[in-house]
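Accompanying notes for the structure given below.
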Amino acid sequence: MKNFEYIQPGSLNAVSTLSKEKFVSSHLFAGGTDVLGLMKDNIISPDRLINLKNLPNMDKIVYKKGEGISIGTLVKISDIAENEDIMNHFTALAQAAGEVASPQLRNVGTLGGNICQRPRCWYFRGEFDCIRKGGGICYAYEGENKFHCIVGGGPCYIVHPSDTAVALTALNASIKIHSNGTMKEIPIREFFILPEDDPMKENILEPGEAITEIFIPELETGKKSAYIKLKERDVWDFMTVSIAAVADVSGSLINNVELAFGGTAPKPWYDENINKVFINSKISDLETNVKKIFNDSELLSKNKYKLQLIRNLTKRILNNFSA
Amino acid sequence: MKEEKNMKGISRRRFIKGVGTGIVGSYVMLPTMKDSEAKITKSPKDEVLESVRTETLETTINGRKVKSKVEPRTTLADFLRDYLELTGTKVVCNHGECGGCSVILDGRAVYSCMLLALDANGKEVITIEGLMSGENLHPLQQAFIEHDGLQCGFCTPGQIMAAYALLKKFPNPTDEQIMTGMSGNLCRCAAYPNIIKSVRGAAKKMNS
Amino acid sequence: MVGAYPSGAGCSWPLRSLYKCPNLKIEEYSVLTNAGRARAMRAPGNVQGTFAFEQMIDTIAEKIGMDPIEFRKINYTDVDPDWGGKYTSKKLIEAYDQGAKAIGWEKRNKPGSGEGTVKRGIGMASQIWWGGGSPPGYATLKLNSDGSLNISSGTQDIGTGTYTILAQVASEILEIPMDKIQVTLGDTETGPYGTASGGSMTAPTMTPAVYDAAVQMMDKLKSGAAAILEVSEDELNYSNGIFTVKNDPQKTIDISKIVNELNARTLVTTGARNANPDGYAINTFGAQFADVEVDTETGKIKVNKIVAAHDIGRAINPMTLNNQIHGGVIQGLGFALFEERIMDSYTGKTVNANFHDYKVPTIKDTPEIVPIIVSETDTLISPVGAKGVGEPAIIPTAAAISNAVYNAIGVRIKSAPMTPDKVLNAINNL
């Protein structure tokens with residue numbers, strides 16, 4: 001690792017200024033479990049790390065009944081997995097947080113960092129000058145692509161690796177961002193971008209911007225949420241495919257549902273048209289209905305199984321709501 | 001250069017500029033030596049150090065206060081091993097993918113290879129060396145011996161530190177809690193069944 | 001596929017010697033690829049060969065409508081089919097019977113006949129390997145004047161418990177407590193040559209060398225005791241470090257006193273591994289049984305239980321032995337379900353050379369493991385009677401899991417690792 005300057009700014013304004021200084025490459029640093037990995041693999045080699053950990057009031061969880069929950073960007077993943085309010089009211093997020101990596105990484109990784117982590121594509125992480133690193137081609141497209149995306153790909157075919165981002169997408173969270181002295185709030189469903197917009201980044205954050213908190217509105221009465229994830233190994237593995245659902249299911253009828261898919265696309269995949277297939281449908285019709293989703297997928301040579309897997313898991317997560 | 005006296009047994013690092021060569025060398029004092037008889041040993045990374053970009057780290061390691069100058073890029077694992085010679089903490093993958101470098105930071109198990117040493121500022125670190133009291137092994141260390149919770153032993157310090165954090169949180173862990181708490185530590189010899197027995201055994205002893 | 005250079009490991013050994021087959025023709029060749037050179041890993045070639053072969057055996061048994069164990073039993077052989085040598089010991093039938101009982105073989109259903117989306121299956125596979133050990137291998141014993149004993153040898157302990165079992169063998173003969181025995185290994189500068197730790201040879205090669213040295217030491221002590229006590233050697237009893245004159249129990253001498261009285265300071269002996277018996281085949285045998293669940297909607301395989309029944313001669317130390325079996329089984333499970341070098345075919349670069357893409361089993365992937373040792377001792381090999389277990393433990397695991405997966409879903413997964421994508425593709429004929 002190249003040596004760097006380690007700065008502890010006292011305010012968000014200072015973060016903005018420091019991030020944008022000319023001729024100095026800077027990187028934000030919180031838990032650091034992804035940033036250090038990227039630096040050790042020489043994917044990034046910043047001149048400066050800006051430590052956010054000591055900024056005040058960004059590590060709190062505040063739940064207001066009837067309104068929602070605010071989670072500071074610095075809250076540790078393990079604290080989210082074990083927070084009673086999150087477990088009770090925003091179950092999908094607690095379950096997703098519990099699925100992240102390993103206990104040691106959950107103890108260090110932060111929510112902001114988890115949703116901003118870079119993809120795990122082995123070409124991106126390996127010694128390949130791929131599109132996401134400013135190169136000319138996506139090696140996965142005709143290469144080893146069993147974990148790559150089936151929708152939203154091109155010219156790069158990564159999947160977004162974050163578990164919590166999938167849950168937050170289904171939960172319709174919004175992201176509060178400090179941007180050069182002002183605050184803005186962006187729905188998470190608009191936070192992530194596709195490679196066709198910019199193949200070198202995964203979200204809309206610009207230099208000078210930093211996430212301060214994530215807000216999830218209270219679920220409407222009757223709605224519950226859940227997250228399921230298939231991983232090859234029983235722990236410490238990124239999703240092959242994962243699904244988060246917020247649903248209102250009474251008996252055998254799905255009254256309402258919002259689905260988000262992980263391991264499927266270069267961003268947590270959310271599509272109103274998928275929801276519509278299931279809204280006001282019967283649990284008993286799931287078998288037929290799941291065949292209507294992801295029919296526009298672009299399947300690569302080694303990821304055809306994902307289509308079947310996504311449909312089966314959709315069936316399973318919705319079935320679980322009626323059980 | 002003014003030396004600040006630290007607690008006994010902890011080495012410090014000071015920086016001496018190599019005259020005429022332009023190379024900056026940093027030097028470690030061995031832990032057991034008094035200042036007056038300090039022998040100077042080179043730190044492993046010094047040859048490539050071109051500029052002095054260092055910060056002061058003040059932390060507590062195994063109950064002792066430590067103050068040292070470190071480069072920001074120094075990981076906590078490297079600091080423990082190369083600066084303090086606490087080599088019980090093992091670096092295997094150096095990518096947070098194996099658990100060999102697990103230590104306790106403010107009561108929680110963490111991978112010391114995926115933390116900067118500077119992130120331990122103002123915090124308390126416990127390593128495998130901190131578990132013994134005098135000549136007596138910690139009940140966890142004893143249990144790993146009694147239940148043969150290892151084969152080659154390379155992952156064992158990390159396993160024990162993960163178990164230490166686990167038993168702090170759940171003094172009477174269920175098997176499920178053991179499996180989850182220990183799930184961030186690989187054992188290539190796959191001594192897992194005996195690791196589970198060791199953790200169970202230690203919990204029993206520590207509670208009695 | 002062996003990469004750029006073959007490693008010398010063959011996959012066909014189990015085919016040649018596991019069953020009686022008078023008309024056998026085997027052709028085996030290596031496929032060189034533009035990859036790094038092949039490297040040996042625990043039972044090189046045999047894990048792979050057994051994975052394929054034992055699935056074929058199950059397939060044949062099914063086609064002729066026979067129980068897989070029954071089919072293996074009728075093709076059982078008492079002699080090495082390759083050259084006709086009689087086995088020094090072979091308890092494979094016992095492994096079949098005891099393993100079948102422990103897994104609940106009678107509950108096994110027809111392939112793919114289970115209800116629901118998660119299907120359960122039981123399967124088994126057999127194992128043959130060498131592991132008898134051989135000369136050369138030496139150990140030096142030093143008995144000190146305080147009655148403590150040093151054992152030194154150039155062999156190595158890679159975590160398998162060599163330190164412990166060498167001390168144990170000396171302790172048994174010399175009746176010196178384990179805490180008074182110190183073992184120094186891994187250094188041929190201070191100790192005599194010992195075998196490399198590999199090929200499941202350490203225990204069967206090195207324990208007889210220690211045994212030989214300990215017997216020599218006992219002879220020295222006995223003649224010393226007889227001289228000091230002025231009786232004949234026949235008149236002496238020995239127990240826990242003390243010689244007693246049979247007809248005069250008041251007359252005793254302990255071993256440290258012998259060393260002192262002889263003014264020897266240290267008694268030294270060096271023992272050697274005995275030659276193996278001529279005309280015999282020496283092999284280890286075993287059978288493993290797997291109980292698995294296959295989620296037919298996700299393609300994920302969960303191994304509930306592995307029963308590992310092995311003939312490895314004498315079990316010197318059950319605790320370290322079981323640890324070896326656990327390790328072999330879990331590594332075998334890794335081969336069956338997770339572990340694979342994935343290479344980008346355009347560039348020849350390995351894309352998963354790290355621990356998150358190359359998935360080694362974790363504690364959460366660990367099934368219940370039931371080791372059963374069906375053998376007692378193989379005295380034809382050596383007075384200790386131990387065979388090796390390191391490699392035998394890994395050989396049949398993946399094959400047993402794959403046969404259990406077939407039993408669960410009625411579809412054969414012919415390539416390892418059996419990852420969810422392969423299982424789903426096989427189920428859906430993709």
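Each chain in the structure tokens gets a letter, A, B and so on, in the order shown; residues start at 1 in every chain, and ligands are counted from 1 in the order they appear.
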As number ranges by chain, list the residues of segment 137-264 of chain A assigned to strand (DSSP E) by DSSP on the backbone atoms of this structure.
A: 174-179, 182-187, 209-217, 224-230, 241-250, 253-262
Store the residues picked out above, limited to N, CA and C atoms, as a tab-separated table (two decimals), in the first residue's frame.
```tsv
chain	number	residue	atom	x	y	z
A	174	SER	N	-34.59	6.60	2.18
A	174	SER	CA	-33.98	7.72	1.49
A	174	SER	C	-32.62	8.00	2.12
A	175	ILE	N	-31.77	8.60	1.33
A	175	ILE	CA	-30.40	8.81	1.76
A	175	ILE	C	-30.15	10.29	1.91
A	176	LYS	N	-29.69	10.68	3.08
A	176	LYS	CA	-29.38	12.09	3.29
A	176	LYS	C	-27.91	12.31	3.00
A	177	ILE	N	-27.66	13.30	2.17
A	177	ILE	CA	-26.30	13.52	1.69
A	177	ILE	C	-25.89	14.95	1.99
A	178	HIS	N	-24.71	15.09	2.57
A	178	HIS	CA	-24.14	16.42	2.73
A	178	HIS	C	-23.35	16.74	1.47
A	179	SER	N	-23.72	17.86	0.85
A	179	SER	CA	-23.09	18.17	-0.43
A	179	SER	C	-22.61	19.60	-0.41
A	182	THR	N	-24.55	22.00	1.82
A	182	THR	CA	-26.00	21.86	1.91
A	182	THR	C	-26.37	20.39	2.06
A	183	MET	N	-27.61	20.18	2.49
A	183	MET	CA	-28.07	18.80	2.65
A	183	MET	C	-29.07	18.49	1.54
A	184	LYS	N	-29.01	17.25	1.04
A	184	LYS	CA	-30.06	16.84	0.12
A	184	LYS	C	-30.51	15.42	0.48
A	185	GLU	N	-31.70	15.10	0.06
A	185	GLU	CA	-32.24	13.77	0.38
A	185	GLU	C	-32.65	13.09	-0.92
A	186	ILE	N	-32.13	11.90	-1.13
A	186	ILE	CA	-32.36	11.19	-2.39
A	186	ILE	C	-33.01	9.84	-2.07
A	187	PRO	N	-34.09	9.49	-2.75
A	187	PRO	CA	-34.64	8.14	-2.54
A	187	PRO	C	-33.59	7.10	-2.95
A	209	GLU	N	-19.21	15.11	-1.60
A	209	GLU	CA	-20.47	14.65	-1.00
A	209	GLU	C	-20.22	13.47	-0.06
A	210	ALA	N	-21.04	13.41	0.97
A	210	ALA	CA	-20.93	12.29	1.91
A	210	ALA	C	-22.31	11.96	2.46
A	211	ILE	N	-22.59	10.68	2.58
A	211	ILE	CA	-23.85	10.25	3.20
A	211	ILE	C	-23.79	10.55	4.70
A	212	THR	N	-24.85	11.11	5.24
A	212	THR	CA	-24.86	11.35	6.68
A	212	THR	C	-25.83	10.42	7.40
A	213	GLU	N	-26.94	10.10	6.73
A	213	GLU	CA	-27.90	9.23	7.40
A	213	GLU	C	-28.81	8.57	6.39
A	214	ILE	N	-29.43	7.48	6.84
A	214	ILE	CA	-30.38	6.77	6.00
A	214	ILE	C	-31.70	6.77	6.76
A	215	PHE	N	-32.76	7.14	6.07
A	215	PHE	CA	-34.06	7.21	6.73
A	215	PHE	C	-35.01	6.20	6.09
A	216	ILE	N	-35.69	5.43	6.93
A	216	ILE	CA	-36.69	4.50	6.41
A	216	ILE	C	-38.05	4.89	6.98
A	217	PRO	N	-39.02	5.15	6.11
A	217	PRO	CA	-40.34	5.51	6.63
A	217	PRO	C	-41.01	4.28	7.26
A	224	LYS	N	-45.25	-6.12	6.14
A	224	LYS	CA	-44.07	-6.66	6.82
A	224	LYS	C	-42.94	-6.73	5.81
A	225	SER	N	-41.72	-6.94	6.32
A	225	SER	CA	-40.62	-7.05	5.37
A	225	SER	C	-39.75	-8.25	5.69
A	226	ALA	N	-39.04	-8.72	4.67
A	226	ALA	CA	-38.15	-9.87	4.85
A	226	ALA	C	-37.04	-9.83	3.81
A	227	TYR	N	-35.95	-10.54	4.11
A	227	TYR	CA	-34.81	-10.62	3.20
A	227	TYR	C	-34.35	-12.06	3.14
A	228	ILE	N	-34.16	-12.59	1.95
A	228	ILE	CA	-33.52	-13.91	1.85
A	228	ILE	C	-32.36	-13.84	0.88
A	229	LYS	N	-31.39	-14.68	1.14
A	229	LYS	CA	-30.15	-14.62	0.37
A	229	LYS	C	-29.67	-16.03	0.10
A	230	LEU	N	-29.35	-16.33	-1.13
A	230	LEU	CA	-28.67	-17.59	-1.40
A	230	LEU	C	-27.19	-17.31	-1.58
A	241	VAL	N	-27.88	-14.77	-5.29
A	241	VAL	CA	-29.07	-13.95	-5.53
A	241	VAL	C	-29.69	-13.66	-4.18
A	242	SER	N	-30.24	-12.46	-3.99
A	242	SER	CA	-30.97	-12.18	-2.77
A	242	SER	C	-32.21	-11.37	-3.11
A	243	ILE	N	-33.19	-11.44	-2.22
A	243	ILE	CA	-34.43	-10.68	-2.46
A	243	ILE	C	-34.90	-10.07	-1.15
A	244	ALA	N	-35.30	-8.81	-1.23
A	244	ALA	CA	-35.97	-8.18	-0.09
A	244	ALA	C	-37.39	-7.87	-0.53
A	245	ALA	N	-38.33	-8.07	0.40
A	245	ALA	CA	-39.72	-7.80	0.06
A	245	ALA	C	-40.39	-7.06	1.20
A	246	VAL	N	-41.20	-6.08	0.83
A	246	VAL	CA	-42.12	-5.45	1.78
A	246	VAL	C	-43.50	-5.82	1.27
A	247	ALA	N	-44.26	-6.53	2.09
A	247	ALA	CA	-45.52	-7.06	1.55
A	247	ALA	C	-46.64	-7.02	2.57
A	248	ASP	N	-47.83	-6.90	2.03
A	248	ASP	CA	-49.04	-7.03	2.83
A	248	ASP	C	-49.76	-8.26	2.29
A	249	VAL	N	-49.68	-9.32	3.05
A	249	VAL	CA	-50.28	-10.58	2.60
A	249	VAL	C	-51.31	-10.99	3.64
A	250	SER	N	-52.56	-11.17	3.21
A	250	SER	CA	-53.53	-11.67	4.17
A	250	SER	C	-54.01	-13.04	3.69
A	253	LEU	N	-53.84	-14.13	-0.06
A	253	LEU	CA	-53.87	-13.03	-1.02
A	253	LEU	C	-52.74	-12.03	-0.77
A	254	ILE	N	-52.03	-11.72	-1.84
A	254	ILE	CA	-50.99	-10.70	-1.75
A	254	ILE	C	-51.65	-9.36	-2.08
A	255	ASN	N	-51.86	-8.53	-1.06
A	255	ASN	CA	-52.53	-7.25	-1.29
A	255	ASN	C	-51.58	-6.23	-1.91
A	256	ASN	N	-50.35	-6.27	-1.42
A	256	ASN	CA	-49.38	-5.30	-1.90
A	256	ASN	C	-47.98	-5.87	-1.72
A	257	VAL	N	-47.09	-5.52	-2.59
A	257	VAL	CA	-45.72	-5.98	-2.43
A	257	VAL	C	-44.75	-5.06	-3.16
A	258	GLU	N	-43.59	-4.87	-2.53
A	258	GLU	CA	-42.49	-4.16	-3.19
A	258	GLU	C	-41.26	-5.06	-3.09
A	259	LEU	N	-40.69	-5.40	-4.23
A	259	LEU	CA	-39.57	-6.34	-4.25
A	259	LEU	C	-38.30	-5.67	-4.73
A	260	ALA	N	-37.19	-6.03	-4.10
A	260	ALA	CA	-35.89	-5.58	-4.59
A	260	ALA	C	-34.98	-6.80	-4.71
A	261	PHE	N	-34.14	-6.80	-5.74
A	261	PHE	CA	-33.35	-7.99	-6.03
A	261	PHE	C	-31.86	-7.69	-5.97
A	262	GLY	N	-31.13	-8.56	-5.30
A	262	GLY	CA	-29.67	-8.45	-5.24
A	262	GLY	C	-29.04	-9.57	-6.07
```
Near chain B, 9 Å: chain A residue rows, closest pairs, only C-alpha atoms, as a Markdown table:
```
| residue | atom | partner | partner_atom | distance |
| --- | --- | --- | --- | --- |
| A:Met1 | CA | B:Arg73 | CA | 6.8 |
| A:Lys2 | CA | B:Arg73 | CA | 7.3 |
| A:Asn3 | CA | B:Arg73 | CA | 5.3 |
| A:Phe4 | CA | B:Pro72 | CA | 6.4 |
| A:Glu5 | CA | B:Pro72 | CA | 6.7 |
| A:Tyr6 | CA | B:Pro72 | CA | 5.9 |
| A:Gly31 | CA | B:Leu115 | CA | 8.0 |
| A:Gly32 | CA | B:Leu115 | CA | 6.8 |
| A:Thr33 | CA | B:Met114 | CA | 5.6 |
| A:Asp34 | CA | B:Met114 | CA | 8.5 |
| A:Leu36 | CA | B:Met114 | CA | 6.4 |
| A:Gly37 | CA | B:His95 | CA | 6.0 |
| A:Lys40 | CA | B:His95 | CA | 7.8 |
| A:Lys53 | CA | B:Asp119 | CA | 8.9 |
| A:Ala101 | CA | B:Gly184 | CA | 8.0 |
| A:Ser102 | CA | B:Gly184 | CA | 4.8 |
| A:Pro103 | CA | B:Gly184 | CA | 5.9 |
| A:Gln104 | CA | B:Val110 | CA | 4.4 |
| A:Leu105 | CA | B:Val110 | CA | 6.6 |
| A:Arg106 | CA | B:Val110 | CA | 8.7 |
| A:Asn107 | CA | B:Val110 | CA | 6.5 |
| A:Val108 | CA | B:Val110 | CA | 6.8 |
| A:Val235 | CA | B:Ser183 | CA | 6.8 |
| A:Trp236 | CA | B:Gly184 | CA | 7.0 |
```
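Counting from atom CA of Val389 of chain C, the distance to atom CA of Ala308 of chain C is 11.2 Å.
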Would you give me, as JSON lines, each residue of chain C having an atom within 10 Å of an atom of chain A, along with its shortest atom pair and that distance in Å to one decimal, using only C-alpha atoms and sorting by chain and residue number?
```
{"residue": "C:Thr296", "atom": "CA", "partner": "A:Asn312", "partner_atom": "CA", "distance": 9.3}
{"residue": "C:Glu297", "atom": "CA", "partner": "A:Asn312", "partner_atom": "CA", "distance": 5.6}
{"residue": "C:Thr298", "atom": "CA", "partner": "A:Leu309", "partner_atom": "CA", "distance": 5.7}
{"residue": "C:Gly299", "atom": "CA", "partner": "A:Leu309", "partner_atom": "CA", "distance": 8.3}
{"residue": "C:Lys300", "atom": "CA", "partner": "A:Glu232", "partner_atom": "CA", "distance": 7.1}
{"residue": "C:Ile301", "atom": "CA", "partner": "A:Glu232", "partner_atom": "CA", "distance": 8.9}
{"residue": "C:Lys302", "atom": "CA", "partner": "A:Asp234", "partner_atom": "CA", "distance": 9.2}
{"residue": "C:Gly334", "atom": "CA", "partner": "A:Arg233", "partner_atom": "CA", "distance": 9.6}
{"residue": "C:Leu337", "atom": "CA", "partner": "A:Glu232", "partner_atom": "CA", "distance": 8.2}
{"residue": "C:Phe338", "atom": "CA", "partner": "A:Glu232", "partner_atom": "CA", "distance": 7.2}
{"residue": "C:Ile342", "atom": "CA", "partner": "A:Glu144", "partner_atom": "CA", "distance": 7.8}
{"residue": "C:Met343", "atom": "CA", "partner": "A:Glu144", "partner_atom": "CA", "distance": 7.7}
{"residue": "C:Asp344", "atom": "CA", "partner": "A:Glu144", "partner_atom": "CA", "distance": 6.1}
{"residue": "C:Ser345", "atom": "CA", "partner": "A:Gly143", "partner_atom": "CA", "distance": 7.0}
{"residue": "C:Tyr346", "atom": "CA", "partner": "A:Gly143", "partner_atom": "CA", "distance": 7.3}
{"residue": "C:Thr347", "atom": "CA", "partner": "A:Phe128", "partner_atom": "CA", "distance": 9.3}
{"residue": "C:Lys349", "atom": "CA", "partner": "A:Glu127", "partner_atom": "CA", "distance": 8.3}
{"residue": "C:Thr350", "atom": "CA", "partner": "A:Gly126", "partner_atom": "CA", "distance": 8.8}
{"residue": "C:Val351", "atom": "CA", "partner": "A:Trp122", "partner_atom": "CA", "distance": 5.6}
{"residue": "C:Asn352", "atom": "CA", "partner": "A:Trp122", "partner_atom": "CA", "distance": 6.7}
{"residue": "C:Ala353", "atom": "CA", "partner": "A:Gly126", "partner_atom": "CA", "distance": 8.9}
{"residue": "C:Asn354", "atom": "CA", "partner": "A:Trp122", "partner_atom": "CA", "distance": 9.8}
{"residue": "C:Phe355", "atom": "CA", "partner": "A:Trp236", "partner_atom": "CA", "distance": 9.9}
{"residue": "C:His356", "atom": "CA", "partner": "A:Asp237", "partner_atom": "CA", "distance": 6.7}
{"residue": "C:Asp357", "atom": "CA", "partner": "A:Trp122", "partner_atom": "CA", "distance": 7.9}
{"residue": "C:Lys359", "atom": "CA", "partner": "A:Arg233", "partner_atom": "CA", "distance": 7.0}
{"residue": "C:Val360", "atom": "CA", "partner": "A:Arg233", "partner_atom": "CA", "distance": 8.4}
{"residue": "C:Pro361", "atom": "CA", "partner": "A:Arg233", "partner_atom": "CA", "distance": 7.1}
{"residue": "C:Thr362", "atom": "CA", "partner": "A:Val235", "partner_atom": "CA", "distance": 7.3}
{"residue": "C:Ile363", "atom": "CA", "partner": "A:Val235", "partner_atom": "CA", "distance": 8.8}
{"residue": "C:Lys364", "atom": "CA", "partner": "A:Asp234", "partner_atom": "CA", "distance": 5.9}
{"residue": "C:Asp365", "atom": "CA", "partner": "A:Asp234", "partner_atom": "CA", "distance": 5.8}
{"residue": "C:Thr366", "atom": "CA", "partner": "A:Asp234", "partner_atom": "CA", "distance": 9.5}
{"residue": "C:Met418", "atom": "CA", "partner": "A:Glu232", "partner_atom": "CA", "distance": 9.9}
{"residue": "C:Thr419", "atom": "CA", "partner": "A:Glu232", "partner_atom": "CA", "distance": 6.7}
{"residue": "C:Pro420", "atom": "CA", "partner": "A:Glu232", "partner_atom": "CA", "distance": 6.8}
{"residue": "C:Asp421", "atom": "CA", "partner": "A:Tyr305", "partner_atom": "CA", "distance": 5.6}
{"residue": "C:Lys422", "atom": "CA", "partner": "A:Tyr305", "partner_atom": "CA", "distance": 8.1}
{"residue": "C:Val423", "atom": "CA", "partner": "A:Tyr305", "partner_atom": "CA", "distance": 9.1}
{"residue": "C:Leu424", "atom": "CA", "partner": "A:Tyr305", "partner_atom": "CA", "distance": 6.2}
{"residue": "C:Asn425", "atom": "CA", "partner": "A:Tyr305", "partner_atom": "CA", "distance": 6.1}
{"residue": "C:Ala426", "atom": "CA", "partner": "A:Tyr305", "partner_atom": "CA", "distance": 9.8}
{"residue": "C:Asn428", "atom": "CA", "partner": "A:Gln308", "partner_atom": "CA", "distance": 8.7}
{"residue": "C:Leu430", "atom": "CA", "partner": "A:Tyr305", "partner_atom": "CA", "distance": 7.8}
```
Next, the residues of the selection above should be written as a PDB file, in the first residue's frame with C-alpha atoms.
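Heads up, here's the output in again23.pdb:
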```pdb
ATOM      1  CA  THR C 296     -34.256 -28.174  -5.506  1.00  0.00           C
ATOM      2  CA  GLU C 297     -35.304 -24.522  -5.771  1.00  0.00           C
ATOM      3  CA  THR C 298     -31.906 -23.031  -5.012  1.00  0.00           C
ATOM      4  CA  GLY C 299     -29.620 -25.911  -5.931  1.00  0.00           C
ATOM      5  CA  LYS C 300     -27.930 -25.722  -2.570  1.00  0.00           C
ATOM      6  CA  ILE C 301     -26.693 -28.908  -0.958  1.00  0.00           C
ATOM      7  CA  LYS C 302     -26.577 -29.210   2.809  1.00  0.00           C
ATOM      8  CA  GLY C 334     -15.004 -28.465   0.432  1.00  0.00           C
ATOM      9  CA  LEU C 337     -19.345 -28.360  -2.668  1.00  0.00           C
ATOM     10  CA  PHE C 338     -17.139 -25.269  -2.884  1.00  0.00           C
ATOM     11  CA  ILE C 342     -11.532 -20.694 -11.701  1.00  0.00           C
ATOM     12  CA  MET C 343      -9.393 -19.518 -14.573  1.00  0.00           C
ATOM     13  CA  ASP C 344     -10.259 -16.919 -17.166  1.00  0.00           C
ATOM     14  CA  SER C 345      -9.907 -18.869 -20.376  1.00  0.00           C
ATOM     15  CA  TYR C 346      -8.931 -15.876 -22.502  1.00  0.00           C
ATOM     16  CA  THR C 347      -6.090 -14.638 -20.359  1.00  0.00           C
ATOM     17  CA  LYS C 349      -5.339 -15.816 -15.167  1.00  0.00           C
ATOM     18  CA  THR C 350      -6.894 -17.319 -12.092  1.00  0.00           C
ATOM     19  CA  VAL C 351      -9.783 -15.104 -11.055  1.00  0.00           C
ATOM     20  CA  ASN C 352     -10.458 -16.533  -7.610  1.00  0.00           C
ATOM     21  CA  ALA C 353      -7.067 -16.645  -5.929  1.00  0.00           C
ATOM     22  CA  ASN C 354      -8.414 -15.329  -2.642  1.00  0.00           C
ATOM     23  CA  PHE C 355     -10.464 -16.653   0.260  1.00  0.00           C
ATOM     24  CA  HIS C 356     -13.761 -15.069  -0.644  1.00  0.00           C
ATOM     25  CA  ASP C 357     -13.994 -16.421  -4.170  1.00  0.00           C
ATOM     26  CA  LYS C 359     -14.455 -20.933  -0.789  1.00  0.00           C
ATOM     27  CA  VAL C 360     -12.944 -22.996   1.961  1.00  0.00           C
ATOM     28  CA  PRO C 361     -15.557 -24.542   4.294  1.00  0.00           C
ATOM     29  CA  THR C 362     -16.370 -22.568   7.428  1.00  0.00           C
ATOM     30  CA  ILE C 363     -17.537 -23.733  10.822  1.00  0.00           C
ATOM     31  CA  LYS C 364     -21.127 -23.212   9.640  1.00  0.00           C
ATOM     32  CA  ASP C 365     -20.711 -25.664   6.777  1.00  0.00           C
ATOM     33  CA  THR C 366     -19.557 -28.385   9.152  1.00  0.00           C
ATOM     34  CA  MET C 418     -21.479 -29.347  -6.882  1.00  0.00           C
ATOM     35  CA  THR C 419     -22.369 -25.650  -6.653  1.00  0.00           C
ATOM     36  CA  PRO C 420     -25.957 -24.336  -6.804  1.00  0.00           C
ATOM     37  CA  ASP C 421     -25.600 -23.321 -10.468  1.00  0.00           C
ATOM     38  CA  LYS C 422     -24.603 -26.838 -11.509  1.00  0.00           C
ATOM     39  CA  VAL C 423     -27.326 -28.461  -9.432  1.00  0.00           C
ATOM     40  CA  LEU C 424     -30.007 -26.122 -10.798  1.00  0.00           C
ATOM     41  CA  ASN C 425     -28.761 -26.619 -14.344  1.00  0.00           C
ATOM     42  CA  ALA C 426     -28.825 -30.397 -13.880  1.00  0.00           C
ATOM     43  CA  ASN C 428     -33.688 -28.088 -15.072  1.00  0.00           C
ATOM     44  CA  LEU C 430     -30.177 -26.332 -18.823  1.00  0.00           C
TER      45      LEU C 430
END
```
Counting only C-alpha atoms, which residues of chain C come no farther than 12 Å from chain B, as an MDAnalysis selection string?
chainID C and resid 42 156:164 317:334 353:371 390 394
Taking the DSSP secondary structure from the backbone, can you list the residues of segment 209-277 of chain C that are helix (DSSP H, G or I), as a PyMOL selection string?
chain C and resi 209-229+233-235+255-261
Need to verify the contact set: Lys123 of chain B, 8 Å, only C-alpha atoms, exclusion of same-chain residues closer than 4 positions in sequence. Can you return it as a ChimeraX atom specification?
/B:59-60,105-106
Identify, on the basis of only C-alpha atoms, every residue whose closest approach to Lys292 of chain A does not exceed 12 Å; exclude the query and any residue fewer than 2 positions from it along the same chain; express the result as a ChimeraX atom specification.
/A:273-278,285-290,294-297,307-308,310-311,314
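Put simply, atom CA of Val24 of chain A is 21.8 Å away from atom CA of Leu55 of chain A.
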Residues within 10 Å of Leu167 of chain B, please, as a VMD selection string. Count only C-alpha atoms; anything in the same chain fewer than 4 positions from it doesn't count.
chain B and resid 140 161 to 163 171 to 173 177 to 178 181 199 to 200 202 to 203 206
Atomic separation - atom CA of Tyr406 of chain C relative to atom CA of Val47 of chain C, Å
18.3 Å
Quick one: residues within 7 Å of Ile115 of chain A, only C-alpha atoms counted, chain neighbours fewer than 5 positions away excluded, as number ranges by chain?
A: 162, 164-165
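Using only C-alpha atoms, the residues found no farther than 6 Å from Gly72 of chain A, other than those of its own chain fewer than 5 positions away, are Met58, Asp59, Lys60 and Glu213 of chain A.
The residue that comes closest to Ser402 of chain C, out of C:Ile372, C:Met217, C:Ile181, C:Ala336 and on the basis of only C-alpha atoms, is C:Ala336.
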